[in-house]
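> Below you will find the structure I want to go over with you.
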Amino acid sequence: MEQDKDIYILAIESSCDETAASVVKNGREVLSNVISTQIALHTLYGGVVPEIASRKHIEKINQVIEAALEEAGLNLKQMDAIAVTYGPGLVGALLVGVSAAKAISFATGIPLIGVHHIEGHISANYIENKELEPPYVCLVVSGGHSHLVVVKDYGEYEIIGQTRDDAAGEAFDKVARAIGLGYPGGPKIDKLSKEGNPDAIPFPRAKVAENAYDFSFSGLKSAVLNYLNGCRMKGEPVCEADVAASFQKAVIEVLVEHSLHAVKEYGYEKFAIAGGVASNSSLRAAFAEACSKNNIRFYYPSPVFCTDNAAMIGVAGYYEYCKGVRSGLDLNAVPNLKLGARE
Ligand code: KG4
Ligand code: ZN
């Protein structure tokens, strides 16, 4: 996939609560990665409020795009394409990024490329692992998704497992709320777990009978809530750190077991993680250990490229660009866009 000239992609991401823009050179070199997060705003309400997210994206989008170009030391005319997340995500939030990208494309004539958010998360692995190439197995664990994916080639995916109910990040957020940690729960549980005993409470490890690669986290979430209620009713004190650590261990054990099973069954020697939950320190350590024991090469993005960012969209957009994919000005936000689908 070599070309004579350098390819610069301006990438835009606004699918949830981060307004982000980035300039990526030749698919793997991040020249800028600007993220304006709305976390503090949504913390007040205990979760993302879609209407507020959309309004905040509108306020920030132009500044963030300008900052990304400035940080890269480049101007719009030097961009070869504009990549934008068009799904899945919150429709009102997605529309802000999509509309901005379409307006720039219309005004400048620079080609537009709609990118799948999960494809972006997976592609974040290419930024710091220059030698990583498909095929490999990737576990995508974010606030909205828990997918085991075979990455057959750039832009070619087969979902072999997914959650039947809550996403892993959603379970972290709900459990965090139940133990009074607030939003967003993942990083807070990660931190508190370090002070707790992961073997203190035997929370269940859910198996899904029909598919060894599928996940289910709602039973675990209910078990945590029942445990907390039980303690309250009996007047027993709750050690929040033990609950956090035991819950986290239950999630991680299942993720590791299913993922390694998939890597071995499919016969790949490479495995990657992606998505917000992939920034969890215990999860990273557990996968590093399991992969090293099983002679599997383990790839993971830095935490800033795990949670939502536009650099990952620029990387995915580059590989779509190289394949000749271009979107029309009728590109629309698709809140439930399926991985591997083009709409
Ligand atoms: O990928 P992401 O930024 O947004 C989505 O596409 O959903 O993921 C956000 C999710 C949230 O549920 C958040 O609690 C979780 O990732 N998360 C974590 C950690 N950092 C973020 N979960 C566990 N441990 C973390 N350190
Ligand atoms: Zn995401």
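So you can find residues: chains in the structure tokens are A, B, ... in the order shown, residues in each start at 1, and ligands are numbered from 1 in order.
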Using 12 Å as the limit and counting only C-alpha atoms, can you tabulate each residue of region 154-235 of chain A that touches region 313-334 of chain A, with its shortest atom-to-atom distance in Å and the two atoms involved, as a Markdown table?

```
| residue | atom | partner | partner_atom | distance |
| --- | --- | --- | --- | --- |
| A:Tyr154 | CA | A:Tyr319 | CA | 6.4 |
| A:Gly155 | CA | A:Glu320 | CA | 6.9 |
| A:Glu156 | CA | A:Glu320 | CA | 10.4 |
```
> Give as a PyMOL selection string the residues surrounding ligand 1 up to a distance of 8 Å, considering only C-alpha atoms and all ligand atoms.
chain A and resi 15-16+89+117-118+121+141-145+168-173+183-191+274-281+283+303+306-309
> Set the distance at 9 Å and use only C-alpha atoms: which residues neighbour region 259-272 of chain A once local chain neighbours fewer than 2 positions away are removed? I'd like the list as a VMD selection string.
chain A and resid 122 125 132 134 to 140 148 150 160 212 to 213 254 to 257 274 287 290 to 291 294 to 301
> Please produce a file of those selected residues containing N, CA and C atoms, as a CSV table (one decimal), in the first residue's frame.

```
chain,number,residue,atom,x,y,z
A,122,ILE,N,-10.5,-0.1,16.4
A,122,ILE,CA,-9.6,-1.2,16.1
A,122,ILE,C,-8.3,-0.6,15.5
A,125,ASN,N,-4.8,0.7,17.0
A,125,ASN,CA,-3.7,-0.1,17.2
A,125,ASN,C,-2.5,0.1,16.2
A,132,LEU,N,2.2,-3.9,13.1
A,132,LEU,CA,1.0,-4.7,13.1
A,132,LEU,C,0.2,-4.6,11.8
A,134,PRO,N,-3.0,-6.9,9.5
A,134,PRO,CA,-4.0,-8.0,9.6
A,134,PRO,C,-3.3,-9.2,8.9
A,135,PRO,N,-3.8,-10.5,9.2
A,135,PRO,CA,-5.0,-10.8,10.1
A,135,PRO,C,-4.6,-10.9,11.5
A,136,TYR,N,-5.6,-10.6,12.4
A,136,TYR,CA,-5.4,-10.8,13.8
A,136,TYR,C,-6.8,-10.8,14.4
A,137,VAL,N,-6.9,-11.1,15.7
A,137,VAL,CA,-8.1,-11.1,16.5
A,137,VAL,C,-8.1,-9.8,17.3
A,138,CYS,N,-9.2,-9.1,17.4
A,138,CYS,CA,-9.3,-7.9,18.2
A,138,CYS,C,-10.5,-7.9,19.1
A,139,LEU,N,-10.3,-7.6,20.4
A,139,LEU,CA,-11.4,-7.4,21.3
A,139,LEU,C,-11.7,-6.0,21.4
A,140,VAL,N,-12.9,-5.6,21.1
A,140,VAL,CA,-13.3,-4.2,21.2
A,140,VAL,C,-14.2,-4.0,22.4
A,148,LEU,N,-15.9,-9.4,19.7
A,148,LEU,CA,-14.6,-10.1,19.4
A,148,LEU,C,-14.6,-10.2,17.8
A,150,VAL,N,-12.6,-10.8,14.1
A,150,VAL,CA,-11.4,-11.2,13.3
A,150,VAL,C,-11.2,-10.1,12.3
A,160,ILE,N,-17.1,-12.4,15.5
A,160,ILE,CA,-17.3,-13.8,15.9
A,160,ILE,C,-18.0,-13.9,17.3
A,212,ALA,N,-19.4,-19.7,22.2
A,212,ALA,CA,-18.3,-19.6,23.2
A,212,ALA,C,-17.7,-18.2,23.2
A,213,TYR,N,-18.0,-17.4,22.1
A,213,TYR,CA,-17.3,-16.1,22.0
A,213,TYR,C,-18.2,-14.9,22.4
A,254,VAL,N,-13.5,-13.2,32.0
A,254,VAL,CA,-14.3,-13.7,30.9
A,254,VAL,C,-13.7,-13.2,29.6
A,255,LEU,N,-13.4,-11.9,29.6
A,255,LEU,CA,-12.8,-11.3,28.4
A,255,LEU,C,-11.5,-12.0,27.9
A,256,VAL,N,-10.7,-12.3,28.9
A,256,VAL,CA,-9.4,-13.0,28.6
A,256,VAL,C,-9.7,-14.4,28.1
A,257,GLU,N,-10.6,-15.1,28.8
A,257,GLU,CA,-10.8,-16.5,28.4
A,257,GLU,C,-11.4,-16.6,27.0
A,274,ALA,N,-9.0,-2.9,22.0
A,274,ALA,CA,-9.4,-1.6,21.6
A,274,ALA,C,-10.6,-1.1,22.4
A,287,PHE,N,-4.1,-9.4,30.1
A,287,PHE,CA,-3.9,-9.9,28.7
A,287,PHE,C,-2.4,-10.0,28.4
A,290,ALA,N,-1.5,-13.4,29.9
A,290,ALA,CA,-2.1,-14.5,29.2
A,290,ALA,C,-1.5,-14.7,27.8
A,291,CYS,N,-1.3,-13.6,27.1
A,291,CYS,CA,-0.7,-13.7,25.8
A,291,CYS,C,0.7,-14.2,25.8
A,294,ASN,N,0.9,-17.9,26.3
A,294,ASN,CA,0.5,-18.6,25.1
A,294,ASN,C,1.2,-18.3,23.8
A,295,ASN,N,2.3,-17.6,23.9
A,295,ASN,CA,3.0,-17.2,22.7
A,295,ASN,C,2.2,-16.4,21.7
A,296,ILE,N,1.4,-15.5,22.2
A,296,ILE,CA,0.6,-14.7,21.3
A,296,ILE,C,1.1,-13.3,21.4
A,297,ARG,N,1.3,-12.6,20.2
A,297,ARG,CA,1.8,-11.2,20.3
A,297,ARG,C,0.6,-10.3,20.6
A,298,PHE,N,0.8,-9.5,21.7
A,298,PHE,CA,-0.3,-8.7,22.2
A,298,PHE,C,-0.1,-7.2,21.8
A,299,TYR,N,-1.1,-6.6,21.2
A,299,TYR,CA,-1.0,-5.2,20.8
A,299,TYR,C,-2.1,-4.4,21.5
A,300,TYR,N,-1.8,-3.2,21.9
A,300,TYR,CA,-2.7,-2.3,22.6
A,300,TYR,C,-2.4,-0.9,22.4
A,301,PRO,N,-3.4,0.0,22.2
A,301,PRO,CA,-3.1,1.4,22.1
A,301,PRO,C,-2.8,2.1,23.4
```
> Mind checking which residues fall within 6 Å of region 63-79 of chain A, counting only C-alpha atoms, ignoring those fewer than 6 positions away in the same chain, and posting them as a ChimeraX atom specification?
/A:8-9,21-22,31-32,34
> Tell me, which residues of region 188-274 of chain A carry DSSP alpha helix (DSSP H), written as a count of residues only?
50
> May I have all residues of region 118-148 of chain A that DSSP, computed from the backbone, assigns to strand (DSSP E or B), given as a list of chain:residue names?
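These are the residues in question: A:Tyr136, A:Val137, A:Cys138, A:Leu139, A:Val140, A:Val141, A:Ser146, A:His147, A:Leu148.
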> Emit the selected residues as a PDB file, in the first residue's frame, including N, CA, C and O atoms.

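The resulting file, selection_8.pdb, is shown below:
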```
ATOM      1  N   TYR A 136      -5.573 -10.619  12.378  1.00  0.00           N
ATOM      2  CA  TYR A 136      -5.423 -10.822  13.816  1.00  0.00           C
ATOM      3  C   TYR A 136      -6.813 -10.785  14.448  1.00  0.00           C
ATOM      4  O   TYR A 136      -7.795 -10.457  13.775  1.00  0.00           O
ATOM      5  N   VAL A 137      -6.861 -11.123  15.730  1.00  0.00           N
ATOM      6  CA  VAL A 137      -8.135 -11.054  16.462  1.00  0.00           C
ATOM      7  C   VAL A 137      -8.105  -9.804  17.335  1.00  0.00           C
ATOM      8  O   VAL A 137      -7.070  -9.491  17.929  1.00  0.00           O
ATOM      9  N   CYS A 138      -9.204  -9.068  17.379  1.00  0.00           N
ATOM     10  CA  CYS A 138      -9.263  -7.857  18.206  1.00  0.00           C
ATOM     11  C   CYS A 138     -10.491  -7.903  19.125  1.00  0.00           C
ATOM     12  O   CYS A 138     -11.590  -8.221  18.672  1.00  0.00           O
ATOM     13  N   LEU A 139     -10.266  -7.593  20.376  1.00  0.00           N
ATOM     14  CA  LEU A 139     -11.376  -7.447  21.327  1.00  0.00           C
ATOM     15  C   LEU A 139     -11.678  -5.961  21.449  1.00  0.00           C
ATOM     16  O   LEU A 139     -10.814  -5.178  21.841  1.00  0.00           O
ATOM     17  N   VAL A 140     -12.907  -5.578  21.072  1.00  0.00           N
ATOM     18  CA  VAL A 140     -13.320  -4.174  21.179  1.00  0.00           C
ATOM     19  C   VAL A 140     -14.244  -4.044  22.381  1.00  0.00           C
ATOM     20  O   VAL A 140     -15.328  -4.622  22.400  1.00  0.00           O
ATOM     21  N   VAL A 141     -13.781  -3.325  23.398  1.00  0.00           N
ATOM     22  CA  VAL A 141     -14.610  -3.153  24.606  1.00  0.00           C
ATOM     23  C   VAL A 141     -14.745  -1.667  24.909  1.00  0.00           C
ATOM     24  O   VAL A 141     -13.800  -1.004  25.302  1.00  0.00           O
ATOM     25  N   SER A 146     -19.112  -4.629  22.977  1.00  0.00           N
ATOM     26  CA  SER A 146     -18.143  -5.649  23.391  1.00  0.00           C
ATOM     27  C   SER A 146     -18.145  -6.659  22.258  1.00  0.00           C
ATOM     28  O   SER A 146     -19.039  -7.493  22.177  1.00  0.00           O
ATOM     29  N   HIS A 147     -17.154  -6.551  21.380  1.00  0.00           N
ATOM     30  CA  HIS A 147     -17.108  -7.380  20.182  1.00  0.00           C
ATOM     31  C   HIS A 147     -15.787  -8.132  20.113  1.00  0.00           C
ATOM     32  O   HIS A 147     -14.738  -7.536  20.365  1.00  0.00           O
ATOM     33  N   LEU A 148     -15.863  -9.416  19.735  1.00  0.00           N
ATOM     34  CA  LEU A 148     -14.642 -10.125  19.360  1.00  0.00           C
ATOM     35  C   LEU A 148     -14.643 -10.160  17.840  1.00  0.00           C
ATOM     36  O   LEU A 148     -15.606 -10.647  17.228  1.00  0.00           O
TER      37      LEU A 148
END
```
> Identify which of the residues A:Ile113, A:Ser99, A:Arg28, A:Leu225 lies closest to Glu133 (chain A), counting only C-alpha atoms when measuring atom-to-atom distances.
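Among A:Ile113, A:Ser99, A:Arg28, A:Leu225, it is A:Arg28 that comes nearest to Glu133 (chain A).
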> Between CA of Asn336 (chain A) and CA of Gly87 (chain A), what distance in Å does the model show, to one decimal?
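Answer for the CA of Asn336 (chain A) to CA of Gly87 (chain A) separation: 6.5 Å.
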> Return the single residue from A:Gly230, A:Pro88, A:Gly196, A:Gly161 that is closest to ligand 2, with distances computed using only C-alpha atoms and all ligand atoms.
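Looking at the shortest contact to ligand 2, the residue is A:Pro88.
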> Write out as an MDAnalysis selection string which residues come within 12 Å of Leu94 (chain A) when counting only C-alpha atoms, dropping same-chain ones fewer than 2 positions away.
chainID A and resid 12:20 50:51 53:55 57:58 61 84:92 96:101 114:117 331:337
